[in-house]
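Heads up, the thing below is written out as structure tokens.
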Amino acid sequence: MTASNRLLHAPGVGVRARFPIFEHTTYANSCSQGALSQDVRRAYEEYLAGWDEHGAEWGHWVERAESARAAFARLVNADPAEIAVTTSVSQGVSGLVSALPLDPDRRKIVISEFEFPTVGQIAHAQELRGAEVVHVRPEPDGRIPLERFAEAIDERTALVCCTAISYRTGYRLDVAEVARLAREQGALCLADSYQAAGAIPLDAHALGVDFLTAGTVKYLLASAGLAFMYVRSGLHERLLPTQTGWFADEDIFRMDISDYSPAGDARRFDSGTPPVPNIYAGLAGMGIVAEVGVEAIEAHVRGLVERLLAGLDELGATVATPRGAGELGPLVCVASTDERALVDALLAERVVTSERDSNLRISLHLYNVEDDVATLLDALARHRALLA
Ligand SMILES: Cc1ncc(COP(=O)(O)O)c(C=O)c1O
């Protein structure tokens, strides 16, 4: 590898050159959408060129879907047979809950208050099937102590849904401990890791979760329409999703409509025709993350987050993200008196952020540099009146 090639793989200034938006904008909104790279643009062009040149490239497209399954498996240290390729987190989780028997003695679904709306809504939809949904709420300081989970999970719990990093506050949960509490009561555990995948190391086996899901839109640097769900091996046989599709069948090409015989592995949570264009993009986005390395990304972003927090403290801002050891990820939330006005004011200065609840969300990733943090802090100082 040449020195300049090596640089393109380094977090910060090196890899940033692959993301044209930084030529004119300070982008700090990866919690909403990762920035577009030249790699992802090229991947879309490659998809169109192949389609144009060869027509129906189905063999190749299905192979690309398998490559995406394998790439996500590497990212979460799992086996490809443990990964379902889906079009969204919603699709994976809907398939998963459709496979829960919800017997009278085990029909409770425990969800944290930090679940993304889709997970909460899917859980509540199961009330139509007799489920009882219990919410685990955070403390006023923005943390969810493990005791709250322990109180909610019992021998009647079928599924515990938790979120690795909250999209609302940036709070990073101790997923392994939640999974342990679930296991102790014989319950299954799902970790929605959309805000974590590509930003912090994830090892599905070490976390001890039964399911882990994420999509490519955010820190995996691609576009909408592709997600994945890890399903712990050994669990598939027990779970029969009734929300399904022909790509979840044990033999897709038999085209047999005489019965339901789902694949013997996590593919039973796939569904219809794979989202081919998004798979091209997803492979390119996940490729960048793999080249740079999630450990290197996390270390780089931690430095930027520390610099950001120090600057926010100097401004006297109220940081809503808990800051204890192991609680910080790539997303920092700051209380605002008018968060929409603040996002707009920053946008007018070509600084892209987002908002949730009454907080400004600043999210940093492999392409951000110290100058971005300085630009952000300068802009926030100018709009200090909009910080609570
Ligand atoms: C934590 C989390 N889960 C899920 C989603 C999206 O789910 P879906 O892929 O179903 O749109 C998001 C997207 O913003 C998210 O932040």
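We label chains A, B, ... in the order they appear in the structure tokens, count residues from 1 in each chain, and number ligands from 1 in the order shown.
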Contact residues around A:Asn77 with only C-alpha atoms at 9 Å, ignoring same-chain residues under 3 positions, as an MDAnalysis selection string: chainID A and resid 72:74 202:206
Non-local contacts of A:Ser193 (7 Å; only C-alpha atoms; under 5 positions in same chain excluded) as a list of chain:residue names: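 That gives A:Thr163, A:Ala164, A:Ile165, A:Leu212, A:Thr213, A:Ala214.
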Shell around stretch 38-44 of chain A at 9 Å using only C-alpha atoms, local window under 3 positions removed, as a PyMOL selection string: chain A and resi 18-20+47-49+221-223+277-278+280-285+287-288
Env. residues ligand 1 / 7 Å / only C-alpha atoms and all ligand atoms / as a count of residues only: 19
Could you build a table of the residues in stretch 157-250 of chain A lying no more than 6 Å from stretch 78-82 of chain A, giving for each the nearest pair of atoms and their separation in Å rounded to one decimal place, using only C-alpha atoms, ordered by chain and ascending residue number, as CSV?
```
residue,atom,partner,partner_atom,distance
A:Tyr230,CA,A:Glu82,CA,5.4
A:Val231,CA,A:Glu82,CA,5.1
A:Arg232,CA,A:Glu82,CA,5.9
A:Ser233,CA,A:Glu82,CA,5.8
```
Contacts of stretch 325-332 of chain A at 9 Å (only C-alpha atoms; same-chain gap of 2+ positions) as number ranges by chain: A: 29-31, 143, 165-167, 169-174, 195-196, 199-200, 298, 301-302, 304-305, 308-309, 319-323, 334, 360-365
Shell of 9 Å around A:Ser98, only C-alpha atoms, local chain residues under 4 positions omitted, as a list in words: Val93, Ser94, Gln126, Leu239, Leu240, Pro241, Thr242 and Gln243 of chain A
Store the residues picked out above in a file with N, CA, C and O atoms, as a compact mmCIF listing (two decimals), in the first residue's frame.
```txt
# COMPACT_ATOMS: atom_id res chain seq x y z
N VAL A 93 -37.26 -7.00 12.88
CA VAL A 93 -37.89 -7.12 14.20
C VAL A 93 -39.33 -7.64 14.07
O VAL A 93 -39.79 -8.44 14.88
N SER A 94 -40.02 -7.22 13.01
CA SER A 94 -41.38 -7.74 12.79
C SER A 94 -41.33 -9.25 12.57
O SER A 94 -42.19 -9.99 13.10
N GLN A 126 -47.93 -6.27 19.21
CA GLN A 126 -48.11 -7.66 19.68
C GLN A 126 -49.17 -7.75 20.78
O GLN A 126 -49.59 -8.85 21.16
N LEU A 239 -37.50 -20.93 16.25
CA LEU A 239 -38.26 -19.76 15.85
C LEU A 239 -38.79 -19.89 14.43
O LEU A 239 -38.02 -20.07 13.48
N LEU A 240 -40.09 -19.81 14.29
CA LEU A 240 -40.73 -19.93 12.99
C LEU A 240 -41.43 -18.63 12.66
O LEU A 240 -42.57 -18.40 13.09
N PRO A 241 -40.77 -17.73 11.91
CA PRO A 241 -41.44 -16.47 11.59
C PRO A 241 -42.66 -16.68 10.71
O PRO A 241 -42.57 -17.43 9.72
N THR A 242 -43.77 -16.06 11.05
CA THR A 242 -44.92 -16.14 10.15
C THR A 242 -44.93 -14.95 9.20
O THR A 242 -45.69 -14.91 8.26
N GLN A 243 -44.08 -13.97 9.49
CA GLN A 243 -43.85 -12.92 8.50
C GLN A 243 -42.64 -13.36 7.70
O GLN A 243 -41.53 -13.45 8.23
```
